[in-house]
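Worksheet: the structure to be examined is printed underneath.
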Amino acid sequence: MALTEQDVLAGLGKIVNEITGIPASEVTPEKSFVDDLDIDSLSMVEIAVAAQDEFGVEIPDDQLKHLKTVKDVIGFIQN
Amino acid sequence: MSTNRVRVVVTGLGATTPLGGDVASSWSALLAGRSGVRNLTADWVDLVPVRFAAEAAVDPSEVLPRPEARRLDRAEQFALIAARQAWIDAGTPKVDSERLGVVVGSGIGGITTVLSAYDTFKEKGWSRLSPFTVPMLMPNGAAGWIGLEFGATAGVHATVSACATGAESIGYGIEMIRSGRADVVVAGGTEAAIHPLNVGSFAAMRAMSTRNDEPQRASRPFDKNRDGFVLGEGSGIVVLESEEHAKARGARIYAVAAGVGYSADAHHIAQPEPTGAGIMLAMRRALANSGLAPEDVHHINAHATSTPAGDVVEASAVQQVIGTHPLITATKSMTGHLLGGAGGIESVFTILSLGERIVPATVNIDDLDDGVEVDIVRDEPRKLPQGQIAAINNSFGFGGHNVAVAFTTA
């Protein structure tokens, strides 16, 4: 069963909140992890690993560096 | 005494200890003679011969927000909590970041992180290691986080000298201000090492008390029947400041951080040198460095860990260098031994003793050991005299490190 954008967004919001303390409501598709949410590269690695566990999708390091916004990650997971 | 030197004062205190989550609760427990030692409830307790410890009264994960707590080792958590308390206590000083430094060390560093990360590595592989594993295990991690917290760019340092670490950090902080490198320094020590590997390893040295049937009576410095130290955890941090800077901003001054003396035994990697020569050298140097005479010193917070080998040597060294007049206490009888955190909390206690002119009693001395001919405060706290007086915090560590930090009344 394909995950909807809403499913992924909700899951991602929970993960970001758990790791960084940023409220899940602030994790919206157009936000950049670095520029808008002020998340550093170490925390991005944690988020990627948690997202792999949550959604069963592996995010290789060479892909991770291209995933700048929340929408980028949602798109990657859905595809 | 060099009179043209920058005077360093103490303007902030912070601590989280087995007696309380802050300075006030720890201090009132000390004065009441309460012990912070408790039975361990962890599932590993049957694997080791020691089934008690002085765990922190307030778990740091209850104080810090979860996202922050998960990227800090427990020793770093304690230090950051104590540093924030000290900073607020100092009135959140406005200081040029290039004039603000940090010196905070740990005896062992992030050992619980090392061990749990290795379990993760073996069970799940490298990719499941937290990307914060390295900053959590490095012994300078606490100093680094505190430097980030306050924006300290004058220099962030971590001294490592086992159980002398906290005192050495404060000494280094005093020197940092005196040398002109900083106006304000956040300094102290931290430790979080209550783990079966550490307990087992210290037990293998026969260094720990195994008084499992009476845990609160186990830490008994200077008592004839002492059988080893009790492991504690937590952190003590002070804000040091040049007197000029403190006065210019109208800060409350707890005490003058008058000076420090260091020495090394060069005798044995872990056993005290039996004549106390190194301890005496450190105390003599602390006096000289502070411009104090032995008769100025009215109180000593002793290192006294409750090991059979150490306490009497220290008492004899104090007697020879300072005399029999100071009121001596061993607060480890209540806090246990915080290793790298010991010099931090014990400097906080020494400063409070000077400020409030009262010395907490050492508990658990039923039968004072032969050769202890100094004035140990027992049973009830005792008052210090009025007037300008000095006190010394002694801290010694495996490796043969001896540190004596001298404070005087404000």
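Labels for the structure tokens follow display order: chains A, B, ..., residues from 1 in each chain, ligands from 1.
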
Who sits within 10 Å of stretch 46-52 of chain A, only C-alpha atoms, same chain under 2 positions skipped, as a PDB file with N, CA, C and O atoms, in the first residue's frame:
ATOM      1  N   VAL A   8       3.429  10.309   5.323  1.00  0.00           N
ATOM      2  CA  VAL A   8       4.877  10.496   5.430  1.00  0.00           C
ATOM      3  C   VAL A   8       5.181  11.778   6.212  1.00  0.00           C
ATOM      4  O   VAL A   8       6.057  11.797   7.082  1.00  0.00           O
ATOM      5  N   GLY A  11       4.654  11.191   9.882  1.00  0.00           N
ATOM      6  CA  GLY A  11       5.724  10.353  10.440  1.00  0.00           C
ATOM      7  C   GLY A  11       7.017  11.137  10.573  1.00  0.00           C
ATOM      8  O   GLY A  11       7.731  11.040  11.585  1.00  0.00           O
ATOM      9  N   LEU A  12       7.303  11.936   9.552  1.00  0.00           N
ATOM     10  CA  LEU A  12       8.531  12.736   9.545  1.00  0.00           C
ATOM     11  C   LEU A  12       8.498  13.799  10.649  1.00  0.00           C
ATOM     12  O   LEU A  12       9.510  14.044  11.325  1.00  0.00           O
ATOM     13  N   ILE A  15       9.364  12.216  13.874  1.00  0.00           N
ATOM     14  CA  ILE A  15      10.803  11.900  13.964  1.00  0.00           C
ATOM     15  C   ILE A  15      11.614  13.172  14.241  1.00  0.00           C
ATOM     16  O   ILE A  15      12.494  13.189  15.107  1.00  0.00           O
ATOM     17  N   VAL A  16      11.324  14.224  13.499  1.00  0.00           N
ATOM     18  CA  VAL A  16      12.067  15.482  13.674  1.00  0.00           C
ATOM     19  C   VAL A  16      11.870  16.018  15.089  1.00  0.00           C
ATOM     20  O   VAL A  16      12.809  16.487  15.739  1.00  0.00           O
ATOM     21  N   ASN A  17      10.637  15.899  15.580  1.00  0.00           N
ATOM     22  CA  ASN A  17      10.372  16.365  16.941  1.00  0.00           C
ATOM     23  C   ASN A  17      11.151  15.568  17.968  1.00  0.00           C
ATOM     24  O   ASN A  17      11.758  16.114  18.890  1.00  0.00           O
ATOM     25  N   GLU A  18      11.154  14.250  17.789  1.00  0.00           N
ATOM     26  CA  GLU A  18      11.857  13.361  18.721  1.00  0.00           C
ATOM     27  C   GLU A  18      13.360  13.694  18.754  1.00  0.00           C
ATOM     28  O   GLU A  18      13.977  13.742  19.814  1.00  0.00           O
ATOM     29  N   ILE A  19      13.934  13.955  17.593  1.00  0.00           N
ATOM     30  CA  ILE A  19      15.387  14.130  17.510  1.00  0.00           C
ATOM     31  C   ILE A  19      15.829  15.556  17.821  1.00  0.00           C
ATOM     32  O   ILE A  19      16.865  15.765  18.441  1.00  0.00           O
ATOM     33  N   THR A  20      15.051  16.541  17.409  1.00  0.00           N
ATOM     34  CA  THR A  20      15.502  17.930  17.544  1.00  0.00           C
ATOM     35  C   THR A  20      14.672  18.766  18.504  1.00  0.00           C
ATOM     36  O   THR A  20      15.109  19.843  18.900  1.00  0.00           O
ATOM     37  N   ILE A  39      18.592  22.478  11.317  1.00  0.00           N
ATOM     38  CA  ILE A  39      19.016  21.123  11.705  1.00  0.00           C
ATOM     39  C   ILE A  39      20.413  20.878  11.127  1.00  0.00           C
ATOM     40  O   ILE A  39      20.654  21.115   9.939  1.00  0.00           O
ATOM     41  N   SER A  41      24.021  18.653  10.185  1.00  0.00           N
ATOM     42  CA  SER A  41      24.215  17.453   9.365  1.00  0.00           C
ATOM     43  C   SER A  41      24.213  16.180  10.219  1.00  0.00           C
ATOM     44  O   SER A  41      23.793  15.123   9.750  1.00  0.00           O
ATOM     45  N   LEU A  42      24.667  16.280  11.473  1.00  0.00           N
ATOM     46  CA  LEU A  42      24.648  15.088  12.321  1.00  0.00           C
ATOM     47  C   LEU A  42      23.217  14.678  12.635  1.00  0.00           C
ATOM     48  O   LEU A  42      22.867  13.501  12.590  1.00  0.00           O
ATOM     49  N   SER A  43      22.389  15.677  12.914  1.00  0.00           N
ATOM     50  CA  SER A  43      20.988  15.359  13.205  1.00  0.00           C
ATOM     51  C   SER A  43      20.279  14.842  11.954  1.00  0.00           C
ATOM     52  O   SER A  43      19.379  14.002  12.051  1.00  0.00           O
ATOM     53  N   MET A  44      20.693  15.332  10.778  1.00  0.00           N
ATOM     54  CA  MET A  44      20.083  14.828   9.525  1.00  0.00           C
ATOM     55  C   MET A  44      20.354  13.333   9.372  1.00  0.00           C
ATOM     56  O   MET A  44      19.502  12.584   8.886  1.00  0.00           O
ATOM     57  N   GLU A  54      11.180   3.773  10.088  1.00  0.00           N
ATOM     58  CA  GLU A  54       9.743   4.067  10.086  1.00  0.00           C
ATOM     59  C   GLU A  54       9.087   3.635   8.777  1.00  0.00           C
ATOM     60  O   GLU A  54       8.014   3.054   8.772  1.00  0.00           O
ATOM     61  N   PHE A  55       9.765   3.933   7.666  1.00  0.00           N
ATOM     62  CA  PHE A  55       9.106   3.741   6.354  1.00  0.00           C
ATOM     63  C   PHE A  55       9.686   2.573   5.557  1.00  0.00           C
ATOM     64  O   PHE A  55       9.198   2.262   4.471  1.00  0.00           O
ATOM     65  N   GLY A  56      10.744   1.948   6.069  1.00  0.00           N
ATOM     66  CA  GLY A  56      11.326   0.799   5.373  1.00  0.00           C
ATOM     67  C   GLY A  56      11.987   1.163   4.060  1.00  0.00           C
ATOM     68  O   GLY A  56      12.093   0.340   3.153  1.00  0.00           O
ATOM     69  N   VAL A  57      12.423   2.418   3.949  1.00  0.00           N
ATOM     70  CA  VAL A  57      13.077   2.864   2.715  1.00  0.00           C
ATOM     71  C   VAL A  57      14.497   3.299   3.054  1.00  0.00           C
ATOM     72  O   VAL A  57      14.704   4.148   3.915  1.00  0.00           O
ATOM     73  N   GLU A  58      15.465   2.701   2.391  1.00  0.00           N
ATOM     74  CA  GLU A  58      16.836   3.082   2.675  1.00  0.00           C
ATOM     75  C   GLU A  58      17.197   4.389   1.967  1.00  0.00           C
ATOM     76  O   GLU A  58      16.868   4.577   0.799  1.00  0.00           O
ATOM     77  N   ILE A  59      17.826   5.302   2.710  1.00  0.00           N
ATOM     78  CA  ILE A  59      18.254   6.572   2.113  1.00  0.00           C
ATOM     79  C   ILE A  59      19.780   6.573   2.069  1.00  0.00           C
ATOM     80  O   ILE A  59      20.434   6.829   3.091  1.00  0.00           O
ATOM     81  N   PRO A  60      20.384   6.264   0.916  1.00  0.00           N
ATOM     82  CA  PRO A  60      21.852   6.236   0.854  1.00  0.00           C
ATOM     83  C   PRO A  60      22.440   7.632   1.093  1.00  0.00           C
ATOM     84  O   PRO A  60      21.795   8.642   0.788  1.00  0.00           O
ATOM     85  N   ASP A  61      23.675   7.664   1.608  1.00  0.00           N
ATOM     86  CA  ASP A  61      24.324   8.941   1.915  1.00  0.00           C
ATOM     87  C   ASP A  61      24.383   9.870   0.699  1.00  0.00           C
ATOM     88  O   ASP A  61      24.192  11.076   0.820  1.00  0.00           O
ATOM     89  N   LEU A  64      21.056  11.375   0.397  1.00  0.00           N
ATOM     90  CA  LEU A  64      20.677  12.213   1.540  1.00  0.00           C
ATOM     91  C   LEU A  64      21.116  13.663   1.341  1.00  0.00           C
ATOM     92  O   LEU A  64      20.384  14.599   1.656  1.00  0.00           O
ATOM     93  N   VAL A  73      12.319  14.841   0.950  1.00  0.00           N
ATOM     94  CA  VAL A  73      12.358  13.559   1.673  1.00  0.00           C
ATOM     95  C   VAL A  73      11.058  12.795   1.457  1.00  0.00           C
ATOM     96  O   VAL A  73      11.067  11.583   1.218  1.00  0.00           O
ATOM     97  N   ILE A  77      10.809   9.071  -0.238  1.00  0.00           N
ATOM     98  CA  ILE A  77      10.209   7.927   0.459  1.00  0.00           C
ATOM     99  C   ILE A  77       9.037   7.356  -0.347  1.00  0.00           C
ATOM    100  O   ILE A  77       8.894   6.141  -0.483  1.00  0.00           O
TER     101      ILE A  77
ATOM    102  N   SER B 127      26.092   1.585  11.012  1.00  0.00           N
ATOM    103  CA  SER B 127      25.161   2.598  10.516  1.00  0.00           C
ATOM    104  C   SER B 127      24.117   2.966  11.562  1.00  0.00           C
ATOM    105  O   SER B 127      23.422   3.967  11.411  1.00  0.00           O
ATOM    106  N   ARG B 128      23.991   2.154  12.613  1.00  0.00           N
ATOM    107  CA  ARG B 128      23.030   2.466  13.668  1.00  0.00           C
ATOM    108  C   ARG B 128      23.666   3.216  14.843  1.00  0.00           C
ATOM    109  O   ARG B 128      23.001   3.485  15.833  1.00  0.00           O
ATOM    110  N   LEU B 129      24.936   3.519  14.736  1.00  0.00           N
ATOM    111  CA  LEU B 129      25.554   4.333  15.791  1.00  0.00           C
ATOM    112  C   LEU B 129      25.032   5.756  15.690  1.00  0.00           C
ATOM    113  O   LEU B 129      24.880   6.288  14.587  1.00  0.00           O
ATOM    114  N   SER B 130      24.776   6.370  16.824  1.00  0.00           N
ATOM    115  CA  SER B 130      24.365   7.777  16.799  1.00  0.00           C
ATOM    116  C   SER B 130      25.494   8.606  16.204  1.00  0.00           C
ATOM    117  O   SER B 130      26.664   8.408  16.548  1.00  0.00           O
ATOM    118  N   PRO B 131      25.171   9.553  15.330  1.00  0.00           N
ATOM    119  CA  PRO B 131      26.228  10.438  14.822  1.00  0.00           C
ATOM    120  C   PRO B 131      26.823  11.321  15.918  1.00  0.00           C
ATOM    121  O   PRO B 131      27.827  11.994  15.693  1.00  0.00           O
ATOM    122  N   PHE B 132      26.236  11.287  17.091  1.00  0.00           N
ATOM    123  CA  PHE B 132      26.774  12.051  18.224  1.00  0.00           C
ATOM    124  C   PHE B 132      27.647  11.180  19.131  1.00  0.00           C
ATOM    125  O   PHE B 132      28.057  11.623  20.201  1.00  0.00           O
TER     126      PHE B 132
END

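All residues within stretch 2-153 of chain B that the backbone DSSP calculation assigns to strand (DSSP E or B) are Val8, Val9, Val10, Thr11, Gly12, Leu13, Gly14, Ala15, Thr16, Thr17, Gly20, Arg38, Asn39, Phe52, Ala53, Ala54, Leu100, Gly101, Val102, Val103, Val104, Gly105 and Ser106 of chain B.
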
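Of the residues listed (B:Glu295, B:Arg220, B:Gln320, B:Met283), B:Arg220 shows the shortest atom-to-atom separation from B:Arg378; distances use only C-alpha atoms.
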
List the neighbours of B:Leu281 out to 9 Å using only C-alpha atoms; skip same-chain residues closer than 5 positions along the sequence, and give me the result as a ChimeraX atom specification. /B:261-264,276,286,321,402

Residues within 6 Å of A:Pro29, only C-alpha atoms, excluding chain neighbours under 2 positions, as a list of chain:residue names: A:Lys31, A:Val70, A:Lys71

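When only C-alpha atoms are used to compute distances to B:Ala203, the closest of the residues B:Ile108, B:Val372, B:Val348, B:Val230 turns out to be B:Val230.
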
For A:Ala2, please output as an mmCIF file with C-alpha atoms, in the first residue's frame all residues within 10 Å (counting only C-alpha atoms; exclusion window: fewer than 2 positions along the same chain).
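Produced file selection.cif, reproduced below:
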data_model
loop_
_atom_site.group_PDB
_atom_site.id
_atom_site.type_symbol
_atom_site.label_atom_id
_atom_site.label_comp_id
_atom_site.auth_asym_id
_atom_site.auth_seq_id
_atom_site.Cartn_x
_atom_site.Cartn_y
_atom_site.Cartn_z
ATOM 1 C CA THR A 4 0.204 9.179 1.200
ATOM 2 C CA GLU A 5 2.062 12.458 1.479
ATOM 3 C CA ASP A 7 1.234 9.789 6.184
ATOM 4 C CA GLN A 78 7.081 7.761 -1.698
ATOM 5 C CA ASN A 79 9.095 6.747 -4.758
#

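Going from atom CA of B:Thr324 to atom CA of B:Ile376 covers 9.5 Å.
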